2 protein chains.
Amino acid sequence: MQTATAYATDRALAPSQPMAISSPTAGFPRSHSVTTFNAGAEIYAPGDKAGTFFQIEFGAVRIHRLLSDGRRQVIAFHLAGETFGFEADRTHSFFAEAIIPTGLRALSRPANDQASPELLVLALRGMLRAQEHILMIGRQTAVERISGFLLDMAERQGGLEYFDLPMTRLDIADYLGLTIETVSRVFAKLRSAGLIKLRSIRCVEIKKLEALRSHCA
Amino acid sequence: MQTATAYATDRALAPSQPMAISSPTAGFPRSHSVTTFNAGAEIYAPGDKAGTFFQIEFGAVRIHRLLSDGRRQVIAFHLAGETFGFEADRTHSFFAEAIIPTGLRALSRPANDQASPELLVLALRGMLRAQEHILMIGRQTAVERISGFLLDMAERQGGLEYFDLPMTRLDIADYLGLTIETVSRVFAKLRSAGLIKLRSIRCVEIKKLEALRSHCA
DNA sequence: CGCACGCTTGAAGCGCGTCAAAAAAGGTGG
DNA sequence: CCACCTTTTTTGACGCGCTTCAAGCGTGCG
(Lines give C-alpha, C1' and ligand atoms only; values in the text may rest on other atoms or scores of the structure.)
Protein backbone atom coordinates (compact mmCIF):
# COMPACT_ATOMS: atom_id res chain seq x y z
CA MET A 1 0.00 0.00 0.00
CA GLN A 2 1.45 3.31 -1.03
CA THR A 3 1.04 6.45 1.00
CA ALA A 4 -1.01 9.32 -0.32
CA THR A 5 1.89 11.70 0.07
CA ALA A 6 3.75 9.81 -2.60
CA TYR A 7 1.51 11.51 -5.12
CA ALA A 8 1.91 15.08 -3.97
CA THR A 9 2.38 17.32 -6.95
CA ASP A 10 2.94 20.94 -7.72
CA ARG A 11 0.24 22.91 -9.36
CA ALA A 12 0.90 23.79 -12.98
CA LEU A 13 4.33 25.30 -12.78
CA ALA A 14 4.81 28.39 -14.88
CA PRO A 15 2.22 27.77 -17.55
CA SER A 16 3.21 29.65 -20.63
CA GLN A 17 -0.20 31.24 -20.78
CA PRO A 18 -3.27 31.49 -18.60
CA MET A 19 -5.98 29.04 -19.56
CA ALA A 20 -8.54 31.25 -21.14
CA ILE A 21 -12.11 30.06 -21.38
CA SER A 22 -13.57 31.61 -24.44
CA SER A 23 -17.09 31.97 -25.65
CA PRO A 24 -18.57 28.93 -27.38
CA THR A 25 -18.58 28.64 -31.12
CA ALA A 26 -20.67 26.67 -33.51
CA GLY A 27 -19.54 23.23 -34.57
CA PHE A 28 -16.44 21.68 -33.11
CA PRO A 29 -14.99 23.65 -30.21
CA ARG A 30 -12.54 26.33 -31.14
CA SER A 31 -8.92 25.66 -30.34
CA HIS A 32 -6.97 27.93 -28.06
CA SER A 33 -3.32 28.47 -27.46
CA VAL A 34 -1.12 25.86 -25.89
CA THR A 35 -0.44 25.71 -22.17
CA THR A 36 2.53 23.73 -20.89
CA PHE A 37 2.80 21.70 -17.72
CA ASN A 38 5.87 20.33 -16.00
CA ALA A 39 6.16 16.68 -15.10
CA GLY A 40 3.90 15.96 -12.14
CA ALA A 41 1.90 19.16 -12.51
CA GLU A 42 -1.81 18.97 -11.81
CA ILE A 43 -4.11 19.88 -14.68
CA TYR A 44 -7.34 19.56 -12.75
CA ALA A 45 -8.59 17.90 -9.59
CA PRO A 46 -11.88 16.41 -8.39
CA GLY A 47 -14.35 19.20 -7.77
CA ASP A 48 -12.77 21.58 -10.25
CA LYS A 49 -15.14 23.12 -12.70
CA ALA A 50 -15.42 21.06 -15.87
CA GLY A 51 -16.57 22.19 -19.31
CA THR A 52 -13.20 22.78 -20.88
CA PHE A 53 -11.39 19.82 -22.29
CA PHE A 54 -7.94 19.28 -23.64
CA GLN A 55 -6.04 18.05 -26.62
CA ILE A 56 -2.47 16.93 -26.03
CA GLU A 57 0.05 18.67 -28.29
CA PHE A 58 3.00 16.83 -26.77
CA GLY A 59 3.64 14.86 -23.60
CA ALA A 60 1.44 12.46 -21.66
CA VAL A 61 -1.27 12.68 -19.03
CA ARG A 62 -2.64 10.36 -16.37
CA ILE A 63 -6.21 10.42 -15.08
CA HIS A 64 -6.62 8.94 -11.63
CA ARG A 65 -8.44 8.86 -8.35
CA LEU A 66 -7.31 8.32 -4.77
CA LEU A 67 -9.03 6.35 -2.04
CA SER A 68 -8.96 7.80 1.44
CA ASP A 69 -6.21 5.46 2.59
CA GLY A 70 -3.90 6.30 -0.28
CA ARG A 71 -4.75 3.52 -2.68
CA ARG A 72 -4.66 4.94 -6.17
CA GLN A 73 -6.31 3.85 -9.39
CA VAL A 74 -5.12 5.27 -12.67
CA ILE A 75 -8.16 5.38 -14.95
CA ALA A 76 -6.41 6.23 -18.17
CA PHE A 77 -3.24 7.41 -19.83
CA HIS A 78 -3.47 9.91 -22.67
CA LEU A 79 -0.74 10.46 -25.24
CA ALA A 80 0.03 13.14 -27.79
CA GLY A 81 -2.88 13.76 -30.14
CA GLU A 82 -5.48 12.40 -27.76
CA THR A 83 -8.27 14.31 -26.06
CA PHE A 84 -9.50 14.15 -22.47
CA GLY A 85 -11.33 16.08 -19.80
CA PHE A 86 -14.99 15.85 -20.79
CA GLU A 87 -17.26 15.00 -17.89
CA ALA A 88 -20.86 14.06 -17.27
CA ASP A 89 -21.16 16.53 -14.42
CA ARG A 90 -20.30 20.18 -14.05
CA THR A 91 -17.22 19.32 -12.02
CA HIS A 92 -14.39 16.88 -12.53
CA SER A 93 -14.41 13.51 -10.79
CA PHE A 94 -10.73 12.68 -11.18
CA PHE A 95 -7.25 14.09 -11.08
CA ALA A 96 -5.46 14.86 -14.31
CA GLU A 97 -1.70 15.29 -14.14
CA ALA A 98 1.08 15.69 -16.64
CA ILE A 99 3.38 12.67 -16.52
CA ILE A 100 6.18 14.36 -18.43
CA PRO A 101 6.46 17.94 -19.71
CA THR A 102 3.23 18.36 -21.61
CA GLY A 103 1.58 20.89 -23.87
CA LEU A 104 -2.21 21.12 -23.90
CA ARG A 105 -4.61 22.90 -26.14
CA ALA A 106 -7.76 23.82 -24.25
CA LEU A 107 -11.03 23.34 -26.12
CA SER A 108 -14.31 24.64 -24.82
CA ARG A 109 -17.50 22.74 -25.19
CA PRO A 110 -20.28 24.70 -26.83
CA ALA A 111 -22.43 26.04 -24.03
CA ASN A 112 -25.65 25.95 -26.00
CA ASP A 113 -25.64 22.18 -25.55
CA GLN A 114 -25.58 21.72 -29.29
CA ALA A 115 -23.49 18.66 -28.70
CA SER A 116 -21.18 18.13 -31.58
CA PRO A 117 -21.07 14.68 -33.11
CA GLU A 118 -17.31 14.70 -32.65
CA LEU A 119 -17.66 15.03 -28.91
CA LEU A 120 -20.20 12.22 -28.85
CA VAL A 121 -17.81 9.94 -30.67
CA LEU A 122 -15.07 10.83 -28.20
CA ALA A 123 -17.37 10.06 -25.28
CA LEU A 124 -18.44 6.75 -26.77
CA ARG A 125 -14.86 5.79 -27.47
CA GLY A 126 -13.92 6.74 -23.93
CA MET A 127 -16.70 4.53 -22.63
CA LEU A 128 -15.54 1.60 -24.76
CA ARG A 129 -11.97 2.06 -23.59
CA ALA A 130 -13.07 2.12 -19.96
CA GLN A 131 -15.16 -1.00 -20.48
CA GLU A 132 -12.24 -2.90 -21.95
CA HIS A 133 -10.17 -1.71 -19.01
CA ILE A 134 -12.74 -3.29 -16.69
CA LEU A 135 -12.38 -6.59 -18.50
CA MET A 136 -8.61 -6.50 -18.19
CA ILE A 137 -8.56 -5.67 -14.50
CA GLY A 138 -11.45 -7.88 -13.57
CA ARG A 139 -10.53 -11.11 -15.27
CA GLN A 140 -6.93 -11.16 -16.41
CA THR A 141 -3.72 -12.26 -14.70
CA ALA A 142 -0.74 -10.01 -14.12
CA VAL A 143 1.09 -11.34 -17.19
CA GLU A 144 -1.99 -10.86 -19.37
CA ARG A 145 -2.53 -7.32 -18.14
CA ILE A 146 1.04 -6.25 -18.78
CA SER A 147 1.16 -7.93 -22.18
CA GLY A 148 -2.05 -6.19 -23.15
CA PHE A 149 -0.79 -2.90 -21.79
CA LEU A 150 2.43 -3.06 -23.79
CA LEU A 151 0.59 -3.96 -26.98
CA ASP A 152 -1.82 -1.10 -26.41
CA MET A 153 0.99 1.37 -25.87
CA ALA A 154 2.84 0.13 -28.92
CA GLU A 155 -0.26 0.49 -31.06
CA ARG A 156 -1.06 3.97 -29.80
CA GLN A 157 2.42 5.17 -30.58
CA GLY A 158 2.09 4.03 -34.16
CA GLY A 159 3.17 0.42 -33.86
CA LEU A 160 6.83 1.34 -33.97
CA GLU A 161 9.55 -1.22 -33.51
CA TYR A 162 10.22 0.27 -30.09
CA PHE A 163 8.64 2.95 -27.99
CA ASP A 164 8.99 4.90 -24.77
CA LEU A 165 6.85 4.50 -21.71
CA PRO A 166 6.33 8.00 -20.34
CA MET A 167 4.97 6.70 -17.04
CA THR A 168 6.72 5.10 -14.07
CA ARG A 169 6.29 1.50 -12.95
CA LEU A 170 4.09 2.79 -10.17
CA ASP A 171 1.81 4.49 -12.67
CA ILE A 172 1.57 1.26 -14.63
CA ALA A 173 0.86 -0.71 -11.47
CA ASP A 174 -1.91 1.66 -10.45
CA TYR A 175 -3.35 1.52 -13.95
CA LEU A 176 -3.43 -2.27 -14.02
CA GLY A 177 -4.56 -2.81 -10.44
CA LEU A 178 -1.24 -4.39 -9.44
CA THR A 179 1.72 -3.43 -7.27
CA ILE A 180 4.95 -1.97 -8.52
CA GLU A 181 6.79 -5.12 -7.48
CA THR A 182 4.54 -7.33 -9.55
CA VAL A 183 4.94 -5.04 -12.56
CA SER A 184 8.69 -5.17 -12.20
CA ARG A 185 8.70 -8.95 -11.88
CA VAL A 186 6.49 -9.45 -14.93
CA PHE A 187 8.70 -7.14 -16.99
CA ALA A 188 11.67 -9.24 -15.93
CA LYS A 189 9.80 -12.41 -16.83
CA LEU A 190 8.84 -11.18 -20.29
CA ARG A 191 12.37 -9.99 -20.86
CA SER A 192 14.01 -13.24 -19.83
CA ALA A 193 11.53 -15.12 -22.00
CA GLY A 194 12.70 -13.02 -24.94
CA LEU A 195 9.29 -11.48 -25.66
CA ILE A 196 10.48 -7.95 -25.04
CA LYS A 197 13.74 -6.10 -24.77
CA LEU A 198 14.35 -3.12 -22.53
CA ARG A 199 16.57 -0.73 -24.48
CA SER A 200 16.47 1.40 -21.38
CA ILE A 201 14.32 1.44 -18.31
CA ARG A 202 11.54 3.26 -20.11
CA CYS A 203 12.12 2.13 -23.66
CA VAL A 204 10.54 -1.13 -24.71
CA GLU A 205 11.11 -3.15 -27.83
CA ILE A 206 8.68 -5.90 -28.68
CA LYS A 207 10.65 -8.89 -29.93
CA LYS A 208 7.93 -11.50 -30.28
CA LEU A 209 4.70 -9.78 -31.14
CA GLU A 210 2.66 -12.93 -31.66
CA ALA A 211 3.83 -14.54 -28.44
CA LEU A 212 2.87 -11.40 -26.58
CA ARG A 213 -0.51 -11.35 -28.28
CA SER A 214 -1.14 -14.95 -27.36
CA HIS A 215 -0.81 -13.98 -23.71
CA CYS A 216 -3.90 -11.81 -23.94
CA ALA A 217 -6.78 -14.18 -23.44
CA MET B 1 -12.81 -20.82 -13.52
CA GLN B 2 -16.24 -21.28 -15.02
CA THR B 3 -16.83 -22.97 -18.33
CA ALA B 4 -18.14 -21.06 -21.27
CA THR B 5 -21.05 -23.41 -21.68
CA ALA B 6 -22.46 -22.18 -18.40
CA TYR B 7 -23.47 -19.01 -20.18
CA ALA B 8 -25.23 -20.52 -23.16
CA THR B 9 -28.49 -18.72 -23.75
CA ASP B 10 -31.45 -18.85 -26.04
CA ARG B 11 -32.00 -16.11 -28.53
CA ALA B 12 -34.89 -13.80 -27.74
CA LEU B 13 -37.68 -16.25 -27.14
CA ALA B 14 -40.95 -15.25 -28.69
CA PRO B 15 -40.52 -11.50 -28.79
CA SER B 16 -43.90 -9.90 -28.73
CA GLN B 17 -43.03 -7.85 -31.77
CA PRO B 18 -40.28 -7.68 -34.33
CA MET B 19 -37.73 -5.01 -33.58
CA ALA B 20 -38.49 -2.43 -36.17
CA ILE B 21 -35.84 0.13 -37.08
CA SER B 22 -37.60 3.27 -38.14
CA SER B 23 -36.42 6.30 -39.96
CA PRO B 24 -34.60 8.89 -37.87
CA THR B 25 -36.41 11.85 -36.45
CA ALA B 26 -35.27 15.23 -35.28
CA GLY B 27 -34.32 15.70 -31.65
CA PHE B 28 -34.35 12.81 -29.27
CA PRO B 29 -34.86 9.45 -30.92
CA ARG B 30 -38.44 8.37 -31.38
CA SER B 31 -39.71 5.61 -29.16
CA HIS B 32 -41.00 2.38 -30.61
CA SER B 33 -43.14 -0.39 -29.29
CA VAL B 34 -41.98 -2.70 -26.52
CA THR B 35 -40.27 -6.02 -27.17
CA THR B 36 -40.13 -8.61 -24.43
CA PHE B 37 -37.32 -11.04 -23.67
CA ASN B 38 -37.34 -14.11 -21.46
CA ALA B 39 -34.79 -14.60 -18.72
CA GLY B 40 -31.45 -15.46 -20.29
CA ALA B 41 -32.45 -14.30 -23.76
CA GLU B 42 -29.81 -12.58 -25.83
CA ILE B 43 -30.56 -9.01 -26.91
CA TYR B 44 -27.44 -8.52 -28.96
CA ALA B 45 -24.01 -10.08 -29.31
CA PRO B 46 -20.53 -8.86 -30.27
CA GLY B 47 -20.47 -8.14 -33.98
CA ASP B 48 -24.19 -7.42 -34.24
CA LYS B 49 -25.05 -4.21 -35.98
CA ALA B 50 -25.34 -1.33 -33.53
CA GLY B 51 -27.22 1.95 -33.99
CA THR B 52 -30.37 1.07 -32.14
CA PHE B 53 -30.37 1.41 -28.40
CA PHE B 54 -32.78 0.40 -25.70
CA GLN B 55 -34.74 1.73 -22.79
CA ILE B 56 -35.82 -0.80 -20.19
CA GLU B 57 -39.56 -0.74 -19.49
CA PHE B 58 -39.33 -3.54 -16.92
CA GLY B 59 -36.81 -6.21 -16.02
CA ALA B 60 -33.02 -6.13 -15.93
CA VAL B 61 -30.16 -6.56 -18.38
CA ARG B 62 -26.51 -7.55 -18.11
CA ILE B 63 -23.78 -6.40 -20.48
CA HIS B 64 -20.79 -8.70 -20.60
CA ARG B 65 -17.93 -10.16 -22.54
CA LEU B 66 -16.32 -13.59 -22.60
CA LEU B 67 -12.65 -14.47 -22.82
CA SER B 68 -11.70 -17.42 -24.98
CA ASP B 69 -11.26 -19.74 -22.01
CA GLY B 70 -14.66 -18.98 -20.56
CA ARG B 71 -13.76 -16.26 -18.09
CA ARG B 72 -16.54 -13.72 -18.09
CA GLN B 73 -16.66 -10.07 -17.14
CA VAL B 74 -19.98 -8.39 -16.58
CA ILE B 75 -19.50 -4.76 -17.59
CA ALA B 76 -22.78 -3.39 -16.34
CA PHE B 77 -26.24 -4.14 -15.05
CA HIS B 78 -29.15 -2.06 -16.26
CA LEU B 79 -32.46 -1.78 -14.43
CA ALA B 80 -35.92 -0.51 -15.33
CA GLY B 81 -35.87 3.03 -16.66
CA GLU B 82 -32.24 2.90 -17.72
CA THR B 83 -30.86 3.05 -21.25
CA PHE B 84 -28.13 0.99 -22.88
CA GLY B 85 -26.80 -0.20 -26.21
CA PHE B 86 -25.05 2.84 -27.70
CA GLU B 87 -21.65 2.06 -29.16
CA ALA B 88 -18.68 3.88 -30.56
CA ASP B 89 -18.46 1.52 -33.52
CA ARG B 90 -20.99 0.30 -36.03
CA THR B 91 -21.17 -3.06 -34.32
CA HIS B 92 -21.58 -4.12 -30.73
CA SER B 93 -18.59 -5.12 -28.63
CA PHE B 94 -20.44 -6.94 -25.87
CA PHE B 95 -23.26 -9.31 -25.14
CA ALA B 96 -26.51 -7.93 -23.80
CA GLU B 97 -28.87 -10.42 -22.16
CA ALA B 98 -32.08 -10.19 -20.21
CA ILE B 99 -31.51 -11.36 -16.64
CA ILE B 100 -35.19 -11.74 -15.87
CA PRO B 101 -38.23 -11.31 -18.13
CA THR B 102 -37.63 -7.89 -19.61
CA GLY B 103 -39.43 -5.38 -21.79
CA LEU B 104 -37.38 -3.09 -23.99
CA ARG B 105 -38.27 -0.05 -26.00
CA ALA B 106 -35.98 0.30 -28.99
CA LEU B 107 -34.80 3.80 -29.81
CA SER B 108 -33.00 4.65 -32.99
CA ARG B 109 -30.16 7.09 -33.13
CA PRO B 110 -30.66 9.83 -35.68
CA ALA B 111 -28.76 8.75 -38.75
CA ASN B 112 -27.87 12.26 -39.85
CA ASP B 113 -25.32 12.35 -37.04
CA GLN B 114 -27.05 15.32 -35.48
CA ALA B 115 -26.03 13.94 -32.13
CA SER B 116 -28.62 14.80 -29.55
CA PRO B 117 -27.43 16.34 -26.30
CA GLU B 118 -29.37 13.68 -24.41
CA LEU B 119 -27.34 10.93 -26.02
CA LEU B 120 -24.13 12.74 -25.19
CA VAL B 121 -25.12 12.95 -21.55
CA LEU B 122 -25.92 9.25 -21.53
CA ALA B 123 -22.56 8.45 -23.05
CA LEU B 124 -20.71 10.64 -20.57
CA ARG B 125 -22.60 9.11 -17.69
CA GLY B 126 -21.81 5.66 -19.02
CA MET B 127 -18.16 6.58 -19.16
CA LEU B 128 -18.19 7.85 -15.58
CA ARG B 129 -19.92 4.71 -14.39
CA ALA B 130 -17.36 2.53 -16.15
CA GLN B 131 -14.52 4.56 -14.66
CA GLU B 132 -15.85 4.13 -11.15
CA HIS B 133 -16.20 0.44 -11.87
CA ILE B 134 -12.49 0.36 -12.73
CA LEU B 135 -11.67 1.92 -9.39
CA MET B 136 -13.76 -0.62 -7.53
CA ILE B 137 -12.31 -3.65 -9.30
CA GLY B 138 -8.76 -2.38 -9.40
CA ARG B 139 -8.25 -1.24 -5.85
CA GLN B 140 -10.93 -2.52 -3.50
CA THR B 141 -11.18 -5.70 -1.46
CA ALA B 142 -13.99 -8.22 -1.79
CA VAL B 143 -15.90 -6.76 1.18
CA GLU B 144 -15.58 -3.24 -0.19
CA ARG B 145 -16.76 -4.28 -3.64
CA ILE B 146 -19.82 -6.08 -2.35
CA SER B 147 -20.70 -3.29 0.07
CA GLY B 148 -20.43 -0.76 -2.73
CA PHE B 149 -22.43 -2.96 -5.04
CA LEU B 150 -25.29 -3.35 -2.56
CA LEU B 151 -25.38 0.38 -1.88
CA ASP B 152 -25.42 1.09 -5.59
CA MET B 153 -28.27 -1.34 -6.19
CA ALA B 154 -30.25 0.08 -3.27
CA GLU B 155 -29.80 3.61 -4.56
CA ARG B 156 -30.77 2.72 -8.12
CA GLN B 157 -33.94 1.07 -6.94
CA GLY B 158 -35.00 4.20 -5.13
CA GLY B 159 -33.24 3.70 -1.81
CA LEU B 160 -35.97 1.45 -0.52
CA GLU B 161 -35.74 -0.29 2.82
CA TYR B 162 -35.24 -3.54 0.97
CA PHE B 163 -34.81 -4.52 -2.64
CA ASP B 164 -34.47 -7.48 -4.96
CA LEU B 165 -31.33 -8.52 -6.75
CA PRO B 166 -32.42 -9.66 -10.20
CA MET B 167 -29.08 -11.30 -10.91
CA THR B 168 -27.52 -14.51 -9.65
CA ARG B 169 -24.47 -14.72 -7.40
CA LEU B 170 -22.48 -15.72 -10.46
CA ASP B 171 -23.54 -12.53 -12.25
CA ILE B 172 -22.48 -10.49 -9.23
CA ALA B 173 -19.16 -12.32 -9.04
CA ASP B 174 -18.45 -11.70 -12.71
CA TYR B 175 -19.41 -8.06 -12.30
CA LEU B 176 -17.08 -7.54 -9.34
CA GLY B 177 -14.19 -9.60 -10.63
CA LEU B 178 -14.59 -12.24 -7.92
CA THR B 179 -15.72 -15.85 -7.73
CA ILE B 180 -19.16 -16.99 -6.76
CA GLU B 181 -17.75 -18.57 -3.60
CA THR B 182 -16.22 -15.31 -2.45
CA VAL B 183 -19.47 -13.46 -3.11
CA SER B 184 -21.36 -16.02 -1.07
CA ARG B 185 -18.88 -15.84 1.78
CA VAL B 186 -18.95 -12.05 1.93
CA PHE B 187 -22.76 -12.05 1.93
CA ALA B 188 -22.61 -14.45 4.87
CA LYS B 189 -20.09 -12.25 6.63
CA LEU B 190 -22.15 -9.07 6.18
CA ARG B 191 -25.24 -10.91 7.34
CA SER B 192 -23.65 -12.35 10.47
CA ALA B 193 -22.23 -8.90 11.25
CA GLY B 194 -25.78 -7.56 11.14
CA LEU B 195 -25.14 -5.11 8.31
CA ILE B 196 -27.65 -6.71 5.98
CA LYS B 197 -30.51 -9.14 6.23
CA LEU B 198 -31.47 -11.60 3.53
CA ARG B 199 -35.23 -11.69 3.45
CA SER B 200 -34.83 -14.32 0.79
CA ILE B 201 -31.95 -15.42 -1.34
CA ARG B 202 -32.44 -12.51 -3.73
CA CYS B 203 -33.99 -9.97 -1.43
CA VAL B 204 -31.64 -7.78 0.57
CA GLU B 205 -32.45 -5.46 3.42
CA ILE B 206 -29.81 -2.98 4.53
CA LYS B 207 -29.81 -2.86 8.32
CA LYS B 208 -26.82 -0.65 9.02
CA LEU B 209 -26.44 1.81 6.19
CA GLU B 210 -23.63 3.81 7.71
CA ALA B 211 -21.59 0.76 8.63
CA LEU B 212 -21.94 -0.48 5.08
CA ARG B 213 -20.93 2.91 3.73
CA SER B 214 -17.86 2.97 5.94
CA HIS B 215 -16.69 -0.20 4.22
CA CYS B 216 -16.34 1.61 0.94
CA ALA B 217 -12.94 3.25 1.06
C1' DC C 1 -40.58 -37.80 -5.93
C1' DG C 2 -36.32 -36.75 -7.84
C1' DC C 3 -33.62 -34.20 -10.79
C1' DA C 4 -31.57 -29.62 -11.84
C1' DC C 5 -29.91 -25.48 -10.58
C1' DG C 6 -28.39 -22.02 -7.55
C1' DC C 7 -26.22 -21.28 -3.29
C1' DT C 8 -23.39 -22.30 0.74
C1' DT C 9 -19.54 -24.09 3.26
C1' DG C 10 -15.02 -26.31 4.10
C1' DA C 11 -10.17 -27.33 3.11
C1' DA C 12 -6.14 -26.61 0.58
C1' DG C 13 -3.27 -24.02 -2.72
C1' DC C 14 -1.45 -20.26 -5.28
C1' DG C 15 -0.86 -15.67 -7.24
C1' DC C 16 -0.12 -11.50 -5.92
C1' DG C 17 0.67 -8.27 -1.98
C1' DT C 18 3.63 -6.88 1.81
C1' DC C 19 7.88 -5.99 3.89
C1' DA C 20 12.69 -5.22 3.49
C1' DA C 21 16.89 -4.08 1.31
C1' DA C 22 19.93 -3.32 -2.34
C1' DA C 23 20.91 -1.79 -6.96
C1' DA C 24 20.28 1.41 -10.72
C1' DA C 25 19.05 5.78 -12.61
C1' DG C 26 18.56 10.87 -12.35
C1' DG C 27 19.38 15.08 -10.93
C1' DT C 28 22.28 19.04 -8.78
C1' DG C 29 26.04 21.56 -7.44
C1' DG C 30 30.83 22.00 -7.29
C1' DC D 1 33.25 14.87 -14.88
C1' DC D 2 32.55 13.47 -10.24
C1' DA D 3 30.51 13.28 -5.42
C1' DC D 4 26.21 13.17 -3.28
C1' DC D 5 21.52 12.76 -2.74
C1' DT D 6 16.86 11.39 -4.09
C1' DT D 7 13.84 8.67 -6.66
C1' DT D 8 12.84 4.69 -9.20
C1' DT D 9 13.40 -0.03 -10.00
C1' DT D 10 14.68 -4.60 -8.91
C1' DT D 11 15.00 -8.70 -6.15
C1' DG D 12 14.13 -11.86 -2.23
C1' DA D 13 11.45 -13.94 1.56
C1' DC D 14 7.18 -14.46 3.52
C1' DG D 15 2.13 -14.02 4.29
C1' DC D 16 -2.63 -13.42 3.16
C1' DG D 17 -6.85 -13.00 0.44
C1' DC D 18 -8.92 -14.89 -2.83
C1' DT D 19 -9.41 -18.96 -5.95
C1' DT D 20 -9.82 -23.75 -6.64
C1' DC D 21 -11.64 -28.06 -5.70
C1' DA D 22 -15.11 -30.68 -3.51
C1' DA D 23 -19.15 -31.73 -1.01
C1' DG D 24 -23.47 -30.69 0.84
C1' DC D 25 -27.92 -28.03 1.17
C1' DG D 26 -32.16 -25.76 -0.27
C1' DT D 27 -35.73 -24.81 -3.54
C1' DG D 28 -38.52 -25.10 -7.62
C1' DC D 29 -40.47 -27.74 -11.12
C1' DG D 30 -41.42 -31.56 -14.44
# chains A, B, ... in the order shown; residues from 1 in each chain; ligands from 1
>>> interface_residues(of="chain B", to="chain D", cutoff="9 Å", atoms="only C-alpha atoms (C1' of nucleotides)", output="PyMOL selection string")
chain B and resi 1+141-142+178-179+181-182
>>> write_last_selection(atoms="N, CA and C atoms", output="PDB file, in the first residue's frame")
ATOM      1  N   MET B   1     -12.546 -21.220 -12.130  1.00  0.00           N
ATOM      2  CA  MET B   1     -12.806 -20.819 -13.519  1.00  0.00           C
ATOM      3  C   MET B   1     -14.074 -21.493 -14.041  1.00  0.00           C
ATOM      4  N   THR B 141     -11.117  -4.308  -1.907  1.00  0.00           N
ATOM      5  CA  THR B 141     -11.184  -5.697  -1.455  1.00  0.00           C
ATOM      6  C   THR B 141     -12.571  -6.270  -1.742  1.00  0.00           C
ATOM      7  N   ALA B 142     -12.710  -7.556  -1.526  1.00  0.00           N
ATOM      8  CA  ALA B 142     -13.987  -8.218  -1.786  1.00  0.00           C
ATOM      9  C   ALA B 142     -15.109  -7.591  -0.962  1.00  0.00           C
ATOM     10  N   LEU B 178     -14.815 -11.273  -9.003  1.00  0.00           N
ATOM     11  CA  LEU B 178     -14.590 -12.238  -7.925  1.00  0.00           C
ATOM     12  C   LEU B 178     -15.108 -13.597  -8.360  1.00  0.00           C
ATOM     13  N   THR B 179     -15.082 -14.563  -7.452  1.00  0.00           N
ATOM     14  CA  THR B 179     -15.716 -15.852  -7.729  1.00  0.00           C
ATOM     15  C   THR B 179     -17.032 -15.917  -6.966  1.00  0.00           C
ATOM     16  N   GLU B 181     -17.975 -18.156  -4.993  1.00  0.00           N
ATOM     17  CA  GLU B 181     -17.754 -18.567  -3.601  1.00  0.00           C
ATOM     18  C   GLU B 181     -17.416 -17.370  -2.717  1.00  0.00           C
ATOM     19  N   THR B 182     -16.585 -16.492  -3.227  1.00  0.00           N
ATOM     20  CA  THR B 182     -16.223 -15.305  -2.448  1.00  0.00           C
ATOM     21  C   THR B 182     -17.440 -14.418  -2.220  1.00  0.00           C
TER      22      THR B 182
END
>>> residues_around(residues="stretch 93-105 of chain A", least_positions_apart="2", cutoff="6 Å", atoms="only C-alpha atoms (C1' of nucleotides)", output="list in words")
His32, Ser33, Val34, Thr35, Thr36, Phe37, Asn38, Ala39, Gly40, Ala41, Glu42, Ile43, Tyr44, Ala45, Pro46, Phe54, Gln55, Ile56, Glu57, Phe58, Gly59, Ala60, Val61, Arg62, Ile63, His64 and Arg65 of chain A
>>> interface_residues(of="chain C", to="chain A", cutoff="9 Å", atoms="only C-alpha atoms (C1' of nucleotides)", output="ChimeraX atom specification")
/C:15-18,25
>>> write_last_selection(atoms="N, CA and C atoms (P, O5', C5', C4', C3', O3' and C1' of nucleotides)", output="CSV table (one decimal), in the first residue's frame")
chain,number,residue,atom,x,y,z
C,15,DG,P,0.1,-19.8,-9.3
C,15,DG,O5',-0.3,-18.3,-9.6
C,15,DG,C5',-1.7,-18.0,-9.7
C,15,DG,C4',-1.9,-16.6,-9.1
C,15,DG,C3',-0.9,-15.6,-9.6
C,15,DG,O3',-1.7,-14.4,-9.9
C,15,DG,C1',-0.9,-15.7,-7.2
C,16,DC,P,-1.0,-13.2,-10.7
C,16,DC,O5',-0.9,-12.1,-9.6
C,16,DC,C5',-2.1,-11.7,-8.9
C,16,DC,C4',-1.7,-11.2,-7.5
C,16,DC,C3',-0.8,-10.0,-7.6
C,16,DC,O3',-1.5,-8.9,-7.0
C,16,DC,C1',-0.1,-11.5,-5.9
C,17,DG,P,-0.8,-7.5,-6.7
C,17,DG,O5',-0.7,-7.5,-5.1
C,17,DG,C5',-1.8,-7.7,-4.3
C,17,DG,C4',-1.4,-7.7,-2.8
C,17,DG,C3',-0.7,-6.4,-2.4
C,17,DG,O3',-1.2,-6.0,-1.1
C,17,DG,C1',0.7,-8.3,-2.0
C,18,DT,P,-0.6,-4.7,-0.4
C,18,DT,O5',0.5,-5.2,0.6
C,18,DT,C5',0.2,-6.2,1.6
C,18,DT,C4',1.4,-6.5,2.4
C,18,DT,C3',2.2,-5.3,2.8
C,18,DT,O3',2.4,-5.4,4.2
C,18,DT,C1',3.6,-6.9,1.8
C,25,DA,P,21.0,1.5,-14.9
C,25,DA,O5',20.2,2.9,-14.6
C,25,DA,C5',18.7,2.8,-14.4
C,25,DA,C4',18.2,4.1,-14.0
C,25,DA,C3',18.7,5.3,-14.9
C,25,DA,O3',17.6,6.1,-15.2
C,25,DA,C1',19.1,5.8,-12.6
>>> select_by_dssp(residues="stretch 66-144 of chain A", states="strand (DSSP E or B)", output="PyMOL selection string")
chain A and resi 66+72-79+83-84+91+95-98+102-108
>>> interface_residues(of="chain B", to="chain A", cutoff="10 Å", atoms="only C-alpha atoms", output="ChimeraX atom specification")
/B:64-76,86-89,93-94,112-140,173-178,216-217
>>> atom_distance(atom1="atom CA of B:Ser184", atom2="atom CA of B:Thr168")
10.7 Å
>>> select_by_dssp(residues="chain B", states="helix (DSSP H, G or I)", output="PyMOL selection string")
chain B and resi 4-7+117-139+142-156+169-176+180-192+209-215
>>> atom_distance(atom1="atom CA of A:Glu82", atom2="atom CA of A:Phe53")
10.9 Å
>>> atom_distance(atom1="atom CA of A:Val186", atom2="atom CA of A:Ala80")
26.8 Å
